[in-house]
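With mmCIF, C-alpha atoms inside, this is target14.cif:
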```cif
data_work
#
loop_
_atom_site.group_PDB
_atom_site.id
_atom_site.type_symbol
_atom_site.label_atom_id
_atom_site.label_comp_id
_atom_site.auth_asym_id
_atom_site.auth_seq_id
_atom_site.Cartn_x
_atom_site.Cartn_y
_atom_site.Cartn_z
ATOM 1 C CA MET J 1 -9.121 12.876 -25.640
ATOM 2 C CA VAL J 2 -11.133 12.620 -22.392
ATOM 3 C CA ASP J 3 -13.824 15.279 -22.786
ATOM 4 C CA PRO J 4 -15.554 15.889 -19.396
ATOM 5 C CA ASP J 5 -18.538 17.482 -21.165
ATOM 6 C CA LYS J 6 -19.373 14.097 -22.729
ATOM 7 C CA ALA J 7 -19.274 12.226 -19.422
ATOM 8 C CA SER J 8 -22.070 11.223 -17.063
ATOM 9 C CA GLU J 9 -21.972 10.190 -13.403
ATOM 10 C CA PHE J 10 -21.378 6.483 -12.922
ATOM 11 C CA MET J 11 -20.923 6.048 -9.164
ATOM 12 C CA VAL J 12 -19.777 7.806 -5.992
ATOM 13 C CA VAL J 13 -16.908 6.045 -4.217
ATOM 14 C CA LYS J 14 -14.852 6.673 -1.100
ATOM 15 C CA ASP J 15 -11.121 6.848 -0.390
ATOM 16 C CA PHE J 16 -10.868 4.034 2.159
ATOM 17 C CA LEU J 17 -7.088 4.182 2.478
ATOM 18 C CA VAL J 18 -6.144 7.724 3.488
ATOM 19 C CA SER J 19 -8.634 10.574 3.545
ATOM 20 C CA GLY J 20 -12.155 9.125 3.811
ATOM 21 C CA GLU J 21 -13.244 11.645 1.157
ATOM 22 C CA SER J 22 -15.795 10.765 -1.520
ATOM 23 C CA PHE J 23 -15.272 11.196 -5.275
ATOM 24 C CA GLN J 24 -17.417 10.784 -8.346
ATOM 25 C CA LEU J 25 -16.633 8.310 -11.076
ATOM 26 C CA MET J 26 -17.621 9.794 -14.427
ATOM 27 C CA HIS J 27 -18.240 7.593 -17.480
ATOM 28 C CA HIS J 28 -16.913 8.632 -20.887
ATOM 29 C CA PRO J 29 -19.035 6.708 -23.434
ATOM 30 C CA GLU J 30 -16.820 7.080 -26.533
ATOM 31 C CA LEU J 31 -13.778 5.639 -24.762
ATOM 32 C CA ASP J 32 -15.811 3.423 -22.417
ATOM 33 C CA MET J 33 -13.716 4.478 -19.436
ATOM 34 C CA LEU J 34 -14.239 6.187 -16.096
ATOM 35 C CA PHE J 35 -12.383 9.104 -14.591
ATOM 36 C CA THR J 36 -12.220 10.340 -11.012
ATOM 37 C CA PHE J 37 -13.813 13.714 -10.327
ATOM 38 C CA PRO J 38 -12.625 15.987 -8.913
ATOM 39 C CA GLN J 39 -8.999 15.051 -9.432
ATOM 40 C CA PRO J 40 -6.532 16.352 -6.824
ATOM 41 C CA SER J 41 -4.225 19.158 -7.900
ATOM 42 C CA ALA J 42 -0.633 18.179 -8.646
ATOM 43 C CA ASP J 43 0.637 19.739 -5.411
ATOM 44 C CA ARG J 44 -1.879 17.747 -3.302
ATOM 45 C CA LEU J 45 -1.805 14.381 -5.065
ATOM 46 C CA SER J 46 1.171 13.068 -3.079
ATOM 47 C CA GLU J 47 -0.796 13.510 0.177
ATOM 48 C CA TYR J 48 -3.100 10.668 -0.835
ATOM 49 C CA TYR J 49 -0.161 8.235 -0.999
ATOM 50 C CA GLU J 50 1.013 8.926 2.556
ATOM 51 C CA SER J 51 0.061 5.625 4.167
ATOM 52 C CA GLU J 52 2.063 2.674 5.472
ATOM 53 C CA GLN J 53 -0.638 0.513 3.921
ATOM 54 C CA TYR J 54 0.334 1.655 0.413
ATOM 55 C CA ILE J 55 2.331 -1.509 -0.220
ATOM 56 C CA SER J 56 3.965 -0.729 -3.569
ATOM 57 C CA HIS J 57 5.913 2.125 -1.942
ATOM 58 C CA THR J 58 7.079 0.253 1.148
ATOM 59 C CA ASP J 59 7.776 -3.474 0.507
ATOM 60 C CA SER J 60 5.801 -3.980 3.714
ATOM 61 C CA GLY J 61 4.690 -7.449 4.752
ATOM 62 C CA LYS J 62 2.726 -6.310 7.820
ATOM 63 C CA GLY J 63 -0.809 -7.658 8.001
ATOM 64 C CA LEU J 64 -2.333 -10.701 6.329
ATOM 65 C CA ILE J 65 -3.295 -9.016 3.065
ATOM 66 C CA ALA J 66 0.137 -7.371 2.742
ATOM 67 C CA TRP J 67 1.814 -10.719 3.475
ATOM 68 C CA LEU J 68 -0.250 -12.455 0.785
ATOM 69 C CA TYR J 69 0.583 -9.601 -1.597
ATOM 70 C CA GLN J 70 4.311 -10.144 -1.097
ATOM 71 C CA ILE J 71 3.972 -13.930 -1.617
ATOM 72 C CA VAL J 72 2.169 -13.466 -4.922
ATOM 73 C CA LYS J 73 4.548 -10.646 -5.878
ATOM 74 C CA GLY J 74 7.523 -13.048 -5.989
ATOM 75 C CA TYR J 75 5.695 -15.350 -8.401
ATOM 76 C CA SER J 76 4.503 -12.405 -10.505
ATOM 77 C CA LEU J 77 8.018 -10.983 -10.820
ATOM 78 C CA ARG J 78 9.244 -14.227 -12.354
ATOM 79 C CA LYS J 79 6.324 -14.235 -14.796
ATOM 80 C CA LYS J 80 6.962 -10.614 -15.785
ATOM 81 C CA VAL J 81 10.643 -11.224 -16.484
ATOM 82 C CA LYS J 82 9.783 -14.305 -18.562
ATOM 83 C CA LEU J 83 7.343 -12.186 -20.576
ATOM 84 C CA ILE J 84 9.849 -9.468 -21.435
ATOM 85 C CA ASP J 85 12.503 -12.099 -22.226
ATOM 86 C CA ARG J 86 10.089 -13.812 -24.616
ATOM 87 C CA ILE J 87 8.879 -10.773 -26.528
ATOM 88 C CA ASN J 88 12.406 -9.361 -26.884
ATOM 89 C CA SER J 89 14.147 -12.723 -27.521
ATOM 90 C CA GLY J 90 16.388 -12.175 -24.504
ATOM 91 C CA PRO J 91 17.683 -9.256 -22.426
ATOM 92 C CA GLY J 92 17.818 -5.745 -23.844
ATOM 93 C CA SER J 93 17.052 -2.227 -22.584
ATOM 94 C CA LEU J 94 14.108 -1.795 -20.214
ATOM 95 C CA ALA J 95 12.321 1.225 -18.746
ATOM 96 C CA ASP J 96 9.777 0.687 -15.972
ATOM 97 C CA ILE J 97 7.487 3.652 -15.318
ATOM 98 C CA GLY J 98 6.119 3.801 -11.796
ATOM 99 C CA ALA J 99 8.828 1.442 -10.618
ATOM 100 C CA GLY J 100 7.938 1.635 -6.923
ATOM 101 C CA THR J 101 10.738 0.056 -4.897
ATOM 102 C CA ALA J 102 12.308 -1.362 -8.111
ATOM 103 C CA ALA J 103 11.643 -5.031 -7.321
ATOM 104 C CA PHE J 104 10.789 -5.742 -10.974
ATOM 105 C CA LEU J 105 13.809 -3.829 -12.287
ATOM 106 C CA ASP J 106 16.032 -5.689 -9.827
ATOM 107 C CA ALA J 107 14.721 -9.055 -11.081
ATOM 108 C CA ALA J 108 15.212 -7.988 -14.707
ATOM 109 C CA LYS J 109 18.710 -6.658 -13.989
ATOM 110 C CA ARG J 110 19.682 -10.030 -12.540
ATOM 111 C CA ARG J 111 18.610 -11.574 -15.846
ATOM 112 C CA GLY J 112 20.950 -9.272 -17.769
ATOM 113 C CA TRP J 113 18.636 -6.398 -18.708
ATOM 114 C CA ASP J 114 19.942 -2.827 -18.885
ATOM 115 C CA VAL J 115 17.381 -1.123 -16.645
ATOM 116 C CA SER J 116 16.046 2.390 -16.103
ATOM 117 C CA GLY J 117 13.036 3.495 -14.110
ATOM 118 C CA ILE J 118 10.727 6.334 -13.135
ATOM 119 C CA GLU J 119 9.279 6.753 -9.631
ATOM 120 C CA PRO J 120 7.995 10.098 -8.290
ATOM 121 C CA ASN J 121 7.762 8.923 -4.659
ATOM 122 C CA ALA J 122 10.969 9.760 -2.762
ATOM 123 C CA LYS J 123 10.474 7.028 -0.160
ATOM 124 C CA ALA J 124 10.131 4.352 -2.819
ATOM 125 C CA ARG J 125 13.208 5.680 -4.632
ATOM 126 C CA GLY J 126 15.080 5.280 -1.353
ATOM 127 C CA PHE J 127 14.175 1.577 -1.190
ATOM 128 C CA ALA J 128 15.262 1.207 -4.834
ATOM 129 C CA LYS J 129 18.632 2.774 -4.032
ATOM 130 C CA GLU J 130 19.179 0.010 -1.462
ATOM 131 C CA ARG J 131 18.906 -2.370 -4.434
ATOM 132 C CA GLU J 132 21.562 -0.240 -6.186
ATOM 133 C CA ILE J 133 19.052 1.042 -8.719
ATOM 134 C CA ASP J 134 18.806 4.809 -9.200
ATOM 135 C CA LEU J 135 15.330 5.809 -10.310
ATOM 136 C CA GLN J 136 14.433 9.074 -12.015
ATOM 137 C CA GLU J 137 11.665 11.280 -10.662
ATOM 138 C CA SER J 138 9.912 12.106 -13.945
ATOM 139 C CA ILE J 139 9.386 10.746 -17.462
ATOM 140 C CA SER J 140 10.973 13.989 -18.666
ATOM 141 C CA ASN J 141 14.305 12.677 -17.333
ATOM 142 C CA LEU J 142 14.225 10.017 -20.079
ATOM 143 C CA THR J 143 13.494 12.445 -22.941
ATOM 144 C CA GLY J 144 15.423 11.438 -26.071
ATOM 145 C CA MET J 145 16.008 7.879 -24.883
ATOM 146 C CA GLN J 146 14.369 4.762 -26.338
ATOM 147 C CA PHE J 147 14.071 1.213 -25.024
ATOM 148 C CA ASP J 148 13.402 -2.294 -26.304
ATOM 149 C CA VAL J 149 10.662 -2.705 -23.695
ATOM 150 C CA VAL J 150 8.732 -0.129 -21.668
ATOM 151 C CA THR J 151 6.493 -1.329 -18.838
ATOM 152 C CA LEU J 152 3.777 0.152 -16.642
ATOM 153 C CA TRP J 153 2.550 -2.343 -14.037
ATOM 154 C CA HIS J 154 -0.638 -0.844 -12.578
ATOM 155 C CA VAL J 155 0.625 2.684 -13.177
ATOM 156 C CA LEU J 156 -1.274 4.218 -16.113
ATOM 157 C CA GLU J 157 -4.328 4.715 -13.897
ATOM 158 C CA HIS J 158 -2.240 6.978 -11.607
ATOM 159 C CA LEU J 159 -0.824 9.359 -14.222
ATOM 160 C CA PRO J 160 -2.255 12.887 -14.626
ATOM 161 C CA ASP J 161 -2.389 14.662 -18.002
ATOM 162 C CA LEU J 162 -3.183 11.348 -19.671
ATOM 163 C CA GLU J 163 -3.032 12.430 -23.320
ATOM 164 C CA ASN J 164 0.424 14.047 -23.145
ATOM 165 C CA THR J 165 1.749 11.281 -20.902
ATOM 166 C CA ILE J 166 0.687 8.609 -23.406
ATOM 167 C CA LEU J 167 2.558 10.478 -26.152
ATOM 168 C CA LYS J 168 5.707 10.588 -24.009
ATOM 169 C CA ILE J 169 5.405 6.878 -23.159
ATOM 170 C CA SER J 170 4.973 5.956 -26.830
ATOM 171 C CA GLU J 171 8.076 7.948 -27.762
ATOM 172 C CA LEU J 172 10.173 5.917 -25.308
ATOM 173 C CA VAL J 173 9.597 2.703 -27.293
ATOM 174 C CA LYS J 174 12.154 1.813 -29.967
ATOM 175 C CA PRO J 175 10.960 0.890 -33.464
ATOM 176 C CA GLU J 176 10.023 -2.823 -33.243
ATOM 177 C CA GLY J 177 10.077 -2.444 -29.457
ATOM 178 C CA HIS J 178 7.234 -3.280 -27.082
ATOM 179 C CA LEU J 179 5.066 -1.548 -24.504
ATOM 180 C CA ILE J 180 3.444 -3.539 -21.689
ATOM 181 C CA ILE J 181 0.615 -2.028 -19.655
ATOM 182 C CA ALA J 182 -1.235 -3.680 -16.755
ATOM 183 C CA VAL J 183 -4.409 -2.012 -15.454
ATOM 184 C CA PRO J 184 -7.530 -2.982 -13.470
ATOM 185 C CA ASN J 185 -10.710 -3.659 -15.434
ATOM 186 C CA PHE J 186 -13.859 -1.980 -14.092
ATOM 187 C CA LYS J 187 -15.969 -4.400 -16.175
ATOM 188 C CA SER J 188 -14.818 -7.492 -14.263
ATOM 189 C CA TYR J 189 -17.158 -9.601 -12.152
ATOM 190 C CA ASP J 190 -15.487 -8.591 -8.879
ATOM 191 C CA ALA J 191 -15.943 -4.909 -9.804
ATOM 192 C CA HIS J 192 -19.650 -5.505 -10.477
ATOM 193 C CA TYR J 193 -20.029 -7.460 -7.234
ATOM 194 C CA TYR J 194 -18.319 -4.996 -4.880
ATOM 195 C CA LYS J 195 -19.443 -1.824 -6.679
ATOM 196 C CA LYS J 196 -18.462 1.248 -4.593
ATOM 197 C CA TYR J 197 -16.322 -0.957 -2.318
ATOM 198 C CA TRP J 198 -14.219 -2.339 -5.169
ATOM 199 C CA ALA J 199 -10.654 -1.757 -3.995
ATOM 200 C CA ALA J 200 -9.265 -1.231 -7.496
ATOM 201 C CA PHE J 201 -11.192 2.036 -7.858
ATOM 202 C CA ASP J 202 -8.729 3.331 -5.219
ATOM 203 C CA VAL J 203 -9.765 6.958 -5.569
ATOM 204 C CA PRO J 204 -8.224 9.467 -5.853
ATOM 205 C CA ARG J 205 -4.899 7.705 -6.451
ATOM 206 C CA HIS J 206 -6.489 6.053 -9.485
ATOM 207 C CA LEU J 207 -7.418 8.941 -11.742
ATOM 208 C CA TRP J 208 -8.569 6.742 -14.648
ATOM 209 C CA HIS J 209 -10.468 3.444 -14.773
ATOM 210 C CA PHE J 210 -10.111 1.421 -17.955
ATOM 211 C CA SER J 211 -11.986 -1.099 -20.036
ATOM 212 C CA GLY J 212 -10.379 -3.147 -22.797
ATOM 213 C CA THR J 213 -11.862 -0.778 -25.357
ATOM 214 C CA SER J 214 -10.386 2.336 -23.758
ATOM 215 C CA VAL J 215 -6.808 1.043 -23.470
ATOM 216 C CA LYS J 216 -6.722 0.116 -27.160
ATOM 217 C CA LYS J 217 -8.274 3.420 -28.263
ATOM 218 C CA LEU J 218 -5.892 5.513 -26.177
ATOM 219 C CA PHE J 219 -2.852 4.071 -27.977
ATOM 220 C CA GLU J 220 -4.466 3.837 -31.409
ATOM 221 C CA GLY J 221 -2.276 5.398 -34.101
ATOM 222 C CA LYS J 222 0.782 5.359 -31.857
ATOM 223 C CA LEU J 223 1.458 1.664 -31.276
ATOM 224 C CA ASP J 224 0.017 -1.555 -32.679
ATOM 225 C CA PHE J 225 -2.026 -3.667 -30.306
ATOM 226 C CA VAL J 226 -0.760 -7.266 -30.080
ATOM 227 C CA GLN J 227 -2.650 -9.131 -27.343
ATOM 228 C CA THR J 228 -3.972 -9.150 -23.785
ATOM 229 C CA LYS J 229 -3.136 -11.532 -20.960
ATOM 230 C CA PRO J 230 -5.031 -12.043 -17.684
ATOM 231 C CA MET J 231 -3.595 -11.324 -14.249
ATOM 232 C CA ILE J 232 -5.247 -14.204 -12.427
ATOM 233 C CA PHE J 233 -4.155 -13.389 -8.874
ATOM 234 C CA ASP J 234 -5.439 -9.814 -8.932
ATOM 235 C CA SER J 235 -9.083 -10.818 -8.482
ATOM 236 C CA PHE J 236 -8.234 -12.576 -5.201
ATOM 237 C CA TYR J 237 -6.156 -9.722 -3.785
ATOM 238 C CA VAL J 238 -8.653 -7.052 -4.858
ATOM 239 C CA SER J 239 -11.595 -9.068 -3.495
ATOM 240 C CA LEU J 240 -9.886 -9.534 -0.118
ATOM 241 C CA LEU J 241 -9.267 -5.806 0.137
ATOM 242 C CA SER J 242 -12.776 -4.993 -1.093
ATOM 243 C CA GLU J 243 -14.294 -7.268 1.545
ATOM 244 C CA LYS J 244 -12.257 -5.444 4.177
ATOM 245 C CA TYR J 245 -13.634 -2.102 2.974
ATOM 246 C CA LYS J 246 -17.203 -3.424 2.816
ATOM 247 C CA ASN J 247 -17.469 -5.525 5.980
ATOM 248 C CA GLY J 248 -14.284 -4.847 7.955
ATOM 249 C CA ASN J 249 -13.010 -8.431 7.573
ATOM 250 C CA SER J 250 -9.223 -8.756 7.434
ATOM 251 C CA PHE J 251 -9.673 -12.189 5.816
ATOM 252 C CA SER J 252 -12.722 -13.627 4.095
ATOM 253 C CA LEU J 253 -13.430 -16.965 2.426
ATOM 254 C CA ARG J 254 -16.263 -15.222 0.584
ATOM 255 C CA ALA J 255 -13.723 -12.852 -0.970
ATOM 256 C CA LEU J 256 -11.654 -15.789 -2.207
ATOM 257 C CA GLY J 257 -14.836 -17.249 -3.698
ATOM 258 C CA ILE J 258 -15.627 -13.983 -5.466
ATOM 259 C CA GLY J 259 -12.064 -13.830 -6.796
ATOM 260 C CA LEU J 260 -12.322 -17.395 -8.084
ATOM 261 C CA TRP J 261 -15.714 -16.821 -9.707
ATOM 262 C CA SER J 262 -14.421 -13.635 -11.324
ATOM 263 C CA ASN J 263 -11.716 -15.675 -13.071
ATOM 264 C CA ILE J 264 -14.103 -18.477 -14.030
ATOM 265 C CA SER J 265 -16.627 -16.069 -15.561
ATOM 266 C CA ALA J 266 -13.797 -14.314 -17.404
ATOM 267 C CA TRP J 267 -12.880 -17.485 -19.313
ATOM 268 C CA ARG J 268 -15.756 -16.606 -21.615
ATOM 269 C CA SER J 269 -16.159 -12.867 -21.215
ATOM 270 C CA LYS J 270 -12.394 -12.124 -21.020
ATOM 271 C CA GLU J 271 -13.289 -9.469 -18.437
ATOM 272 C CA TYR J 272 -10.589 -10.363 -15.913
ATOM 273 C CA SER J 273 -10.060 -8.242 -12.804
ATOM 274 C CA SER J 274 -6.803 -6.950 -14.295
ATOM 275 C CA ARG J 275 -5.268 -7.440 -17.705
ATOM 276 C CA VAL J 276 -1.895 -6.983 -19.355
ATOM 277 C CA TYR J 277 -1.931 -5.219 -22.727
ATOM 278 C CA LEU J 278 0.951 -5.773 -25.141
ATOM 279 C CA PHE J 279 1.693 -3.210 -27.864
ATOM 280 C CA ARG J 280 4.425 -3.073 -30.515
ATOM 281 C CA LYS J 281 5.889 -0.085 -32.355
ATOM 282 C CA ALA J 282 6.173 -0.440 -36.119
ATOM 283 C CA ASN J 283 9.590 -0.063 -37.698
#
```
How does the structure come out when it is put into structure tokens?
Amino acid sequence: MVDPDKASEFMVVKDFLVSGESFQLMHHPELDMLFTFPQPSADRLSEYYESEQYISHTDSGKGLIAWLYQIVKGYSLRKKVKLIDRINSGPGSLADIGAGTAAFLDAAKRRGWDVSGIEPNAKARGFAKEREIDLQESISNLTGMQFDVVTLWHVLEHLPDLENTILKISELVKPEGHLIIAVPNFKSYDAHYYKKYWAAFDVPRHLWHFSGTSVKKLFEGKLDFVQTKPMIFDSFYVSLLSEKYKNGNSFSLRALGIGLWSNISAWRSKEYSSRVYLFRKAN
């Protein structure tokens, strides 16, 4: 699927969050996607998540950017639950892969959904348990099960062994069920503006970097593509973090301007900072 021999170097970027190491981004022309090179071995990958600043594993509100993240997160959770309610015509069975601290599953459970989730990080699973949600460590724990809706909110870019993982994800969706994937878009205006400082590259935690073309091609023949939806707030959050990496500013009006312009330019190009992709499995 992703043939390294067909790839060429796109950019060198740095891990600003944990290690300070540099990694190459390689461009795969047939899929129009990037991949991080070298990718950490499975036994080392968890080391790159060991940071209090990795918000999705901590529910932390410390610091201005983290505080803003949590404010927007509450609004986004309501929007996500409305989306799954709409496409499924009400509550059903839900699996969230990369569930983090299970905030989304908790919101869906309160709406009447029967929830399951996958989260490899033990600390995050501990926070989920405080919400009375028991998360599984691996997709393999759900083998043989199927769900009305399967979601991956900014998770696909983290998953090693992409080809086999996509097959497993597709198998979790019931006939006539739906898959929802949210990923950053390296073709957005804010990505072009910040280049190697663009926070959504987030190497080496992000192993893959998608365009609209690549997401559709990766699931071709497995699920039917339905539509995409923009994630408007992501450009602001990513730009704030990118500005911090580039200039050391914990808050920047320029970053908010870049985030706004990224959304404005995307009205025509559709190249939003992050997008939600909706797929459906045929009966």
Taking (13.8, 12.3, -26.5) in the file's own coordinates, collect the residues within 9 Å, counting all atoms listed in the file, and hand them back as a PDB file with C-alpha atoms, in the coordinates of the input.
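Once written, result_16.pdb looks like this:
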```
ATOM      1  CA  SER J 140      10.973  13.989 -18.666  1.00  0.00           C
ATOM      2  CA  LEU J 142      14.225  10.017 -20.079  1.00  0.00           C
ATOM      3  CA  THR J 143      13.494  12.445 -22.941  1.00  0.00           C
ATOM      4  CA  GLY J 144      15.423  11.438 -26.071  1.00  0.00           C
ATOM      5  CA  MET J 145      16.008   7.879 -24.883  1.00  0.00           C
ATOM      6  CA  GLN J 146      14.369   4.762 -26.338  1.00  0.00           C
ATOM      7  CA  LYS J 168       5.707  10.588 -24.009  1.00  0.00           C
ATOM      8  CA  GLU J 171       8.076   7.948 -27.762  1.00  0.00           C
ATOM      9  CA  LEU J 172      10.173   5.917 -25.308  1.00  0.00           C
TER      10      LEU J 172
END
```
With a cut-off of 6 Å, could you pull out the residues of segment 169-242 of chain J touching segment 31-45 of chain J and give me the nearest pair of atoms for each, distance in Å to one decimal, using all atoms listed in the file, ordered by chain and ascending number, as CSV?
```
residue,atom,partner,partner_atom,distance
J:Leu207,CA,J:Thr36,CA,5.1
J:Trp208,CA,J:Phe35,CA,4.5
J:His209,CA,J:Leu34,CA,4.8
J:Phe210,CA,J:Met33,CA,5.0
J:Ser211,CA,J:Met33,CA,5.9
J:Ser214,CA,J:Leu31,CA,4.8
```
*Convert the output of the PyMOL selection byres ((chain J and resi 223-237) around 7) on the shown file into explicit residues, formatted as a list in words.*
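Applied to this file, the PyMOL selection byres ((chain J and resi 223-237) around 7) selects Asp190, Lys216, Phe219, Glu220, Gly221, Lys222, Val238, Ser239, Leu240, Leu241, Ala255, Leu256, Gly259, Leu260, Ser262, Asn263, Tyr272, Ser273, Ser274, Arg275, Val276, Tyr277, Leu278, Phe279, Arg280 and Lys281 of chain J.
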*Interatomic distance (Å, one decimal) between atom CA of Thr101 of chain J and atom CA of Ala124 of chain J*: 4.8 Å
*From the set J:Ile84, J:His27, J:Phe16, J:Ile258, which residue has the shortest atom-to-atom contact distance to Ser51 of chain J, counting all atoms listed in the file?*
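With all atoms listed in the file as the atom set, the closest residue is J:Phe16.
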Give, as lines of an AutoDock Vina configuration file, the centre coordinates and the x, y and z edge lengths in Å to one decimal for an axis-aligned box around all listed atoms of segment 114-121 of chain J, padded by 3 Å on each side.
```
center_x = 13.9
center_y = 3.6
center_z = -11.8
size_x = 18.2
size_y = 18.9
size_z = 20.2
```
*asked:* Taking only C-alpha atoms into account, name the residue in J:Val13, J:Ile264, J:Val150, J:Val155 that is nearest to Ser170 of chain J.
replied: J:Val150
_Measuring between all atoms listed in the file, which one of J:Pro91, J:Pro175, J:Gly248, J:Pro120 shows the shortest distance to Ala108 of chain J?_
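Of all the options, J:Pro91 lies closest to Ala108 of chain J.
For the residues J:Trp198, J:Val115, J:Asp106, J:Ile97, ranking by smallest atom-to-atom distance to Thr165 of chain J using all atoms listed in the file places J:Ile97 first.
One distance worth recording is that between atom CA of Arg205 of chain J and atom CA of Ser265 of chain J, which is 28.0 Å.
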*Could you tell me which of J:Val149, J:Val173, J:Val18, J:Ala282 comes closest to Gly90 of chain J if we count all atoms listed in the file?*
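With all atoms listed in the file as the atom set, the closest residue is J:Val149.
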*With only C-alpha atoms as the atoms that count, which of J:Ser19, J:Ser116, J:Ser188, J:Thr213 lies nearest to Asn141 of chain J?*
J:Ser116
*Who sits within 6 Å of Phe147 of chain J, all atoms listed in the file, same chain under 5 positions skipped, as a PyMOL selection string*: chain J and resi 93-94+173-174
*atom CA of Phe10 of chain J and atom CA of Ala199 of chain J, how far apart in Å?*
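Those two atoms sit 16.2 Å apart.
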*Got a sec to resolve the PyMOL selection byres ((chain J and resi 9) around 8) on this structure and send the residues as a list in words?*
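When the PyMOL selection byres ((chain J and resi 9) around 8) is applied to the shown file, the picked residues are Ala7, Ser8, Phe10, Met11, Gln24, Leu25, Met26 and His27 of chain J.
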Export of prior selection with C-alpha atoms as a PDB file, in the coordinates of the input:
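The new file part.pdb reads:
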```pdb
ATOM      1  CA  ALA J   7     -19.274  12.226 -19.422  1.00  0.00           C
ATOM      2  CA  SER J   8     -22.070  11.223 -17.063  1.00  0.00           C
ATOM      3  CA  PHE J  10     -21.378   6.483 -12.922  1.00  0.00           C
ATOM      4  CA  MET J  11     -20.923   6.048  -9.164  1.00  0.00           C
ATOM      5  CA  GLN J  24     -17.417  10.784  -8.346  1.00  0.00           C
ATOM      6  CA  LEU J  25     -16.633   8.310 -11.076  1.00  0.00           C
ATOM      7  CA  MET J  26     -17.621   9.794 -14.427  1.00  0.00           C
ATOM      8  CA  HIS J  27     -18.240   7.593 -17.480  1.00  0.00           C
TER       9      HIS J  27
END
```
